[in-house]
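Source file entry-v1.csv; content: CSV, C-alpha atoms.
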chain,number,residue,atom,x,y,z
A,1,MET,CA,143.8,-163.2,-96.7
A,2,LYS,CA,143.7,-163.3,-100.4
A,3,PHE,CA,139.9,-163.5,-100.2
A,4,ILE,CA,139.7,-160.1,-98.5
A,5,ASN,CA,141.5,-157.8,-100.8
A,6,LYS,CA,141.3,-154.1,-100.8
A,7,LYS,CA,138.3,-153.7,-103.1
A,8,ARG,CA,136.1,-156.1,-101.1
A,9,LEU,CA,137.2,-154.5,-97.8
A,10,CYS,CA,136.1,-151.1,-99.2
A,11,PHE,CA,132.8,-152.5,-100.3
A,12,ILE,CA,132.1,-154.1,-96.9
A,13,ILE,CA,132.9,-150.8,-95.1
A,14,CYS,CA,130.7,-148.8,-97.5
A,15,PHE,CA,127.8,-151.3,-97.0
A,16,VAL,CA,128.1,-151.2,-93.2
A,17,ILE,CA,128.1,-147.4,-93.2
A,18,SER,CA,125.1,-147.3,-95.6
A,19,MET,CA,123.1,-149.7,-93.4
A,20,SER,CA,124.0,-147.7,-90.4
A,21,ILE,CA,122.9,-144.5,-92.0
A,22,PHE,CA,119.7,-146.2,-93.3
A,23,PHE,CA,118.6,-147.7,-90.0
A,24,GLY,CA,119.7,-144.5,-88.2
A,25,TYR,CA,117.5,-142.4,-90.5
A,26,LYS,CA,114.6,-144.8,-89.9
A,27,ALA,CA,115.0,-144.5,-86.2
A,28,ASP,CA,115.3,-140.8,-86.4
A,29,LYS,CA,112.3,-140.5,-88.6
A,30,LEU,CA,110.2,-142.7,-86.2
A,31,SER,CA,111.3,-140.6,-83.3
A,32,HIS,CA,110.6,-137.4,-85.1
A,33,ASN,CA,107.1,-138.5,-86.1
A,34,HIS,CA,106.4,-139.7,-82.6
A,35,PHE,CA,107.6,-136.3,-81.3
A,36,ILE,CA,105.4,-134.4,-83.7
A,37,SER,CA,102.4,-136.6,-82.9
A,38,ASN,CA,102.8,-136.0,-79.2
A,39,ILE,CA,103.0,-132.2,-79.7
A,40,ALA,CA,99.9,-132.3,-81.9
A,41,ASN,CA,98.0,-134.3,-79.3
A,42,SER,CA,99.0,-131.8,-76.6
A,43,ILE,CA,98.1,-128.7,-78.7
A,44,ALA,CA,94.7,-130.1,-79.9
A,45,PRO,CA,92.8,-129.3,-76.7
A,46,VAL,CA,94.4,-125.8,-76.5
A,47,GLU,CA,93.6,-125.1,-80.1
A,48,LYS,CA,90.0,-126.2,-79.6
A,49,LYS,CA,89.6,-123.9,-76.6
A,50,LEU,CA,91.3,-121.1,-78.5
A,51,SER,CA,89.0,-121.6,-81.5
A,52,SER,CA,86.0,-121.5,-79.1
A,53,ALA,CA,87.3,-118.3,-77.5
A,54,LEU,CA,87.9,-116.7,-80.8
A,55,TYR,CA,84.3,-117.6,-81.9
A,56,ILE,CA,82.8,-116.0,-78.8
A,57,TYR,CA,85.0,-113.0,-79.2
A,58,ASN,CA,84.0,-112.5,-82.8
A,59,ASN,CA,80.3,-112.8,-81.9
A,60,PHE,CA,80.8,-110.3,-79.1
A,61,VAL,CA,82.5,-107.9,-81.5
A,62,ASP,CA,79.8,-108.3,-84.1
A,63,LYS,CA,77.0,-107.7,-81.5
A,64,PHE,CA,78.9,-104.7,-80.1
A,65,VAL,CA,79.3,-103.2,-83.6
A,66,ASN,CA,75.6,-103.9,-84.3
A,67,ILE,CA,74.6,-102.2,-81.0
A,68,PHE,CA,76.7,-99.2,-81.9
A,69,VAL,CA,75.2,-99.0,-85.4
A,70,VAL,CA,71.6,-99.3,-84.0
A,71,TYR,CA,72.4,-96.6,-81.4
A,72,SER,CA,73.8,-94.2,-84.0
A,73,LYS,CA,70.8,-94.7,-86.2
A,74,ASN,CA,68.4,-94.2,-83.3
A,75,GLU,CA,70.0,-90.9,-82.4
A,76,GLN,CA,69.7,-89.8,-86.1
A,77,LEU,CA,66.0,-90.8,-86.1
A,78,LYS,CA,65.5,-88.8,-82.8
A,79,GLU,CA,67.0,-85.7,-84.4
A,80,LYS,CA,64.9,-86.2,-87.5
A,81,ASN,CA,61.8,-86.7,-85.4
A,82,LEU,CA,62.4,-83.5,-83.4
A,83,PHE,CA,63.0,-81.6,-86.7
A,84,LEU,CA,59.7,-82.9,-88.2
A,85,GLU,CA,57.8,-82.2,-85.0
A,86,LYS,CA,59.1,-78.6,-85.0
A,87,TYR,CA,58.0,-78.0,-88.5
A,88,TYR,CA,54.8,-79.9,-88.1
A,89,TYR,CA,53.7,-77.5,-85.3
A,90,LEU,CA,55.0,-74.5,-87.3
A,91,TYR,CA,52.9,-75.7,-90.3
A,92,GLN,CA,49.8,-76.0,-88.1
A,93,GLN,CA,50.2,-72.5,-86.8
A,94,VAL,CA,50.8,-71.1,-90.3
A,95,ASN,CA,47.9,-73.0,-91.7
A,96,VAL,CA,45.5,-71.7,-89.0
A,97,GLU,CA,46.7,-68.2,-89.4
A,98,ASN,CA,46.4,-68.5,-93.2
A,99,ILE,CA,42.7,-69.7,-92.8
A,100,ARG,CA,42.0,-66.8,-90.5
A,101,LEU,CA,43.5,-64.2,-92.7
A,102,ARG,CA,41.7,-65.4,-95.8
A,103,LEU,CA,38.4,-65.4,-93.9
A,104,GLU,CA,39.1,-62.0,-92.4
A,105,LEU,CA,39.8,-60.6,-95.9
A,106,ASN,CA,36.5,-62.0,-97.1
A,107,PHE,CA,34.7,-60.3,-94.3
A,108,ASN,CA,36.7,-57.0,-94.9
A,109,ARG,CA,35.3,-56.9,-98.4
A,110,ASP,CA,31.8,-56.7,-96.9
A,111,ILE,CA,32.6,-54.1,-94.2
A,112,LYS,CA,33.2,-50.6,-95.4
A,113,HIS,CA,33.0,-48.3,-92.4
A,114,LYS,CA,34.8,-45.2,-91.3
A,115,TYR,CA,36.6,-45.4,-88.0
A,116,ILE,CA,38.6,-43.3,-85.6
A,117,THR,CA,41.9,-44.7,-84.3
A,118,ALA,CA,42.4,-44.3,-80.6
A,119,GLN,CA,45.0,-45.1,-78.0
A,120,VAL,CA,44.4,-47.0,-74.8
A,121,ILE,CA,45.2,-44.8,-71.9
A,122,ALA,CA,43.8,-46.8,-68.9
A,123,ARG,CA,42.5,-50.2,-68.0
A,124,ASN,CA,39.9,-51.4,-65.5
A,125,ASN,CA,40.6,-55.1,-65.2
A,126,ASN,CA,39.4,-57.1,-62.2
A,127,ALA,CA,37.4,-60.2,-61.3
A,128,ILE,CA,34.3,-58.7,-62.7
A,129,LYS,CA,35.1,-55.7,-65.0
A,130,GLN,CA,37.1,-55.9,-68.2
A,131,GLN,CA,37.2,-52.4,-69.6
A,132,ILE,CA,39.6,-50.0,-71.2
A,133,ILE,CA,39.6,-46.2,-71.6
A,134,ILE,CA,40.7,-44.6,-74.9
A,135,ASP,CA,41.7,-41.0,-75.7
A,136,VAL,CA,38.8,-40.0,-77.9
A,137,GLY,CA,35.3,-39.0,-76.9
A,138,SER,CA,32.2,-37.0,-77.8
A,139,ALA,CA,34.3,-34.1,-79.1
A,140,GLN,CA,35.7,-36.4,-81.8
A,141,GLY,CA,32.2,-37.7,-82.7
A,142,VAL,CA,32.1,-40.9,-80.6
A,143,MET,CA,28.7,-42.0,-79.4
A,144,LEU,CA,27.4,-44.5,-76.9
A,145,GLY,CA,27.0,-48.0,-78.3
A,146,GLN,CA,29.6,-47.7,-81.0
A,147,LEU,CA,31.8,-50.7,-81.7
A,148,ALA,CA,35.5,-51.0,-81.0
A,149,VAL,CA,37.5,-53.2,-83.4
A,150,LEU,CA,41.1,-54.1,-84.3
A,151,ARG,CA,42.0,-55.9,-87.6
A,152,ASN,CA,38.3,-56.8,-88.0
A,153,GLN,CA,38.2,-58.4,-84.6
A,154,LEU,CA,35.4,-57.1,-82.4
A,155,LEU,CA,36.7,-55.9,-79.1
A,156,GLY,CA,33.6,-54.4,-77.4
A,157,ARG,CA,31.5,-51.3,-77.4
A,158,VAL,CA,31.4,-47.8,-75.9
A,159,ILE,CA,29.5,-47.6,-72.6
A,160,ASN,CA,30.6,-44.2,-71.3
A,161,LEU,CA,31.7,-40.9,-72.7
A,162,THR,CA,33.4,-37.7,-71.8
A,163,ASN,CA,34.5,-34.9,-74.2
A,164,ASN,CA,37.9,-36.6,-74.9
A,165,THR,CA,37.7,-40.1,-73.5
A,166,SER,CA,35.5,-43.2,-73.9
A,167,THR,CA,35.1,-46.3,-71.9
A,168,ILE,CA,35.0,-49.6,-73.8
A,169,LEU,CA,33.2,-52.7,-72.4
A,170,LEU,CA,35.3,-55.5,-73.7
A,171,LEU,CA,33.9,-58.9,-74.9
A,172,ASN,CA,35.3,-60.7,-71.9
A,173,ASP,CA,33.5,-58.5,-69.4
A,174,GLN,CA,30.8,-60.4,-67.5
A,175,LEU,CA,28.2,-57.9,-68.7
A,176,SER,CA,29.0,-58.4,-72.4
A,177,ARG,CA,26.5,-60.2,-74.6
A,178,ILE,CA,27.0,-60.6,-78.4
A,179,PRO,CA,24.9,-62.6,-80.9
A,180,ALA,CA,27.2,-64.7,-83.0
A,181,ILE,CA,27.3,-67.5,-85.6
A,182,SER,CA,29.9,-70.1,-86.5
A,183,VAL,CA,31.3,-69.9,-90.0
A,184,GLU,CA,31.3,-73.6,-91.0
A,185,SER,CA,28.3,-75.1,-89.1
A,186,SER,CA,26.2,-71.9,-89.1
A,187,ALA,CA,25.4,-72.5,-85.4
A,188,ARG,CA,24.0,-69.5,-83.6
A,189,CYS,CA,24.7,-68.6,-80.0
A,190,ILE,CA,25.1,-65.7,-77.6
A,191,ILE,CA,28.7,-64.9,-76.6
A,192,SER,CA,29.3,-63.8,-73.0
A,193,GLY,CA,32.4,-62.8,-71.1
A,194,ASN,CA,33.7,-64.4,-67.9
A,195,SER,CA,36.7,-62.1,-67.1
A,196,THR,CA,39.2,-64.6,-68.7
A,197,ASN,CA,40.7,-64.9,-72.2
A,198,LEU,CA,38.0,-67.4,-73.1
A,199,LEU,CA,34.4,-66.5,-74.0
A,200,ARG,CA,31.4,-68.6,-73.3
A,201,CYS,CA,28.9,-70.0,-75.9
A,202,ASN,CA,25.4,-69.6,-74.5
A,203,TYR,CA,22.1,-70.9,-75.9
A,204,LEU,CA,23.9,-73.2,-78.3
A,205,ASN,CA,21.8,-76.0,-79.7
A,206,GLU,CA,22.7,-79.2,-77.9
A,207,TYR,CA,22.8,-81.2,-81.1
A,208,VAL,CA,25.3,-78.9,-82.8
A,209,GLN,CA,28.8,-80.4,-83.3
A,210,LEU,CA,31.3,-77.6,-83.7
A,211,LYS,CA,34.9,-78.1,-84.9
A,212,GLU,CA,37.9,-76.9,-82.9
A,213,GLY,CA,39.4,-74.0,-84.7
A,214,GLU,CA,36.1,-73.1,-86.4
A,215,LEU,CA,35.7,-69.3,-86.6
A,216,VAL,CA,32.9,-67.4,-85.0
A,217,VAL,CA,31.6,-64.0,-86.2
A,218,THR,CA,28.9,-61.6,-85.3
A,219,SER,CA,25.6,-62.7,-86.7
A,220,GLY,CA,23.9,-59.4,-87.2
A,221,ASP,CA,20.9,-60.5,-85.2
A,222,SER,CA,21.3,-57.3,-83.1
A,223,LEU,CA,20.6,-54.1,-85.0
A,224,ASP,CA,23.4,-52.2,-83.4
A,225,ILE,CA,26.1,-54.8,-84.3
A,226,ILE,CA,27.1,-55.2,-87.9
A,227,PRO,CA,27.5,-58.8,-89.1
A,228,GLY,CA,30.7,-60.5,-90.1
A,229,LEU,CA,33.0,-59.1,-87.4
A,230,LEU,CA,35.4,-61.8,-86.2
A,231,ILE,CA,35.0,-62.8,-82.5
A,232,GLY,CA,37.4,-65.8,-82.3
A,233,SER,CA,37.8,-69.5,-82.8
A,234,ILE,CA,36.2,-72.5,-81.2
A,235,ILE,CA,38.1,-74.5,-78.6
A,236,MET,CA,36.8,-77.3,-76.3
A,237,GLN,CA,37.6,-77.7,-72.6
A,238,LYS,CA,35.9,-80.3,-70.4
A,239,ASN,CA,33.3,-81.1,-73.1
A,240,THR,CA,32.3,-77.4,-73.2
A,241,TYR,CA,32.7,-75.1,-76.2
A,242,PHE,CA,34.5,-71.8,-75.7
A,243,ILE,CA,35.7,-69.1,-78.0
A,244,LYS,CA,39.2,-67.9,-78.0
A,245,PRO,CA,39.7,-64.3,-79.3
A,246,THR,CA,42.5,-63.9,-81.9
A,247,ILE,CA,43.6,-60.7,-80.0
A,248,ASP,CA,44.9,-60.6,-76.4
A,249,PHE,CA,42.7,-58.0,-74.7
A,250,ASP,CA,45.4,-57.4,-72.0
A,251,LYS,CA,47.9,-56.2,-74.7
A,252,LEU,CA,45.7,-53.7,-76.5
A,253,GLU,CA,47.5,-50.4,-77.2
A,254,PHE,CA,45.5,-48.9,-80.2
A,255,ILE,CA,42.0,-49.7,-81.4
A,256,HIS,CA,39.5,-48.4,-83.9
A,257,VAL,CA,36.1,-47.0,-83.1
A,258,LEU,CA,33.6,-47.6,-86.0
A,259,MET,CA,31.7,-44.5,-87.0
A,260,PRO,CA,28.2,-44.4,-88.4
Give the structure from this file in structure tokens form.
Amino acid sequence: MKFINKKRLCFIICFVISMSIFFGYKADKLSHNHFISNIANSIAPVEKKLSSALYIYNNFVDKFVNIFVVYSKNEQLKEKNLFLEKYYYLYQQVNVENIRLRLELNFNRDIKHKYITAQVIARNNNAIKQQIIIDVGSAQGVMLGQLAVLRNQLLGRVINLTNNTSTILLLNDQLSRIPAISVESSARCIISGNSTNLLRCNYLNEYVQLKEGELVVTSGDSLDIIPGLLIGSIIMQKNTYFIKPTIDFDKLEFIHVLMP
């Protein structure tokens, strides 16, 4: 018993406790690692599927955002297109009116005639006749054959008289015949009415190519019709040339009768 004294006994006890703690720690560590490994193996498939789902979701969100951006830009382009179309047509109208006004001013410099202003008091419009009656007649100096105009646009001529009224045969009457010439191509023709708002181009050379919008004026080939009066502009319908007057004959209220 002398061999096992107090110091040696304490050393042995401490050694045993240390070994127990060491091997216990090792065992716990191995168990902990095994537990962590099992958890990681269980989570791996779920994580893989979750990553795939997140990838699909992100792609969907990106595509949805792109579609929204494209839709928004498309709506903006539509609005800009409507805006440009509106002002394009407005520009065309202003351009045509500007050309007509400049040409009319040029013609006005050559025409210096006195005229009487008259009011339209009656109309005789049907399938054949296109006539108006005005409130001036022979008492005011009007004579048969005199021309009726408005803003340098030829309207027709006087075909009947009383002391204080005159009957005007309009250009769109079926009996109306006016020698004319196109401004740009210098093509000559005879303008006749057909009881509509369009006038016919008769005896036009078949080889002549007229432009739509080209102005047509009186040619002066008839001694009783002065040259340079505006008749209208060329339009084409069904491969046929027509002339559209710049003034609506159905809305005439005041006109001028040219005096000699």
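Among the candidate residues A:Asn74, A:Asn126, A:Gln174, A:Thr218, the one lying nearest to A:Gly232 is A:Thr218, with distances computed using all atoms listed in the file.
Using all atoms listed in the file, the shortest contact distance between A:Leu210 and any of A:Phe254, A:Phe242, A:Tyr115, A:Tyr71 is found at A:Phe242.
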Problem set entry | Residue contacts of A:His113 (12 Å, all atoms listed in the file) excluding same-chain residues fewer than 4 positions away, as a PyMOL selection string | chain A and resi 108-109+146-149+152+226+229+256-260
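Relative to atom CA of A:Ala180, atom CA of A:Leu199 is found at 11.7 Å.
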For this session: Have a look at A:Gly145, A:Gly228, A:Pro179, A:Gly137 and name the one nearest to A:Arg200; count all atoms listed in the file.
Result: A:Pro179
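Minimum atom-to-atom distance to A:Glu184, evaluated using all atoms listed in the file, belongs to A:Leu215 out of A:Leu204, A:Leu215, A:Leu154, A:Leu82.
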Problem set entry | Straight-line distance linking atom CA of A:Val208 with atom CA of A:Gly193, stated in Å to one decimal | 21.1 Å
Problem set entry | Distance of atom CA of A:Pro245 from atom CA of A:Thr167, expressed in Å to one decimal place | 20.0 Å
For this session: Find the spatial neighbours of A:Thr162, counting only C-alpha atoms, within a cut-off of 10 Å - ignore same-chain residues fewer than 4 positions away - and output them as a ChimeraX atom specification.
Result: /A:135-139,142-143,166-167
Hey, what's within 7 Å of A:Ile190 if we count all atoms listed in the file and toss same-chain stuff fewer than 5 positions away? As a PDB file with C-alpha atoms, in the coordinates of the input, please?
ATOM      1  CA  ARG A 177      26.500 -60.200 -74.600  1.00  0.00           C
ATOM      2  CA  ILE A 178      27.000 -60.600 -78.400  1.00  0.00           C
ATOM      3  CA  PRO A 179      24.900 -62.600 -80.900  1.00  0.00           C
ATOM      4  CA  ALA A 180      27.200 -64.700 -83.000  1.00  0.00           C
ATOM      5  CA  CYS A 201      28.900 -70.000 -75.900  1.00  0.00           C
ATOM      6  CA  ASN A 202      25.400 -69.600 -74.500  1.00  0.00           C
ATOM      7  CA  TYR A 203      22.100 -70.900 -75.900  1.00  0.00           C
TER       8      TYR A 203
END
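Of the listed residues (A:Leu155, A:Cys189, A:Leu230, A:Leu175), A:Leu155 comes nearest to A:Asp248; the distances count only C-alpha atoms.
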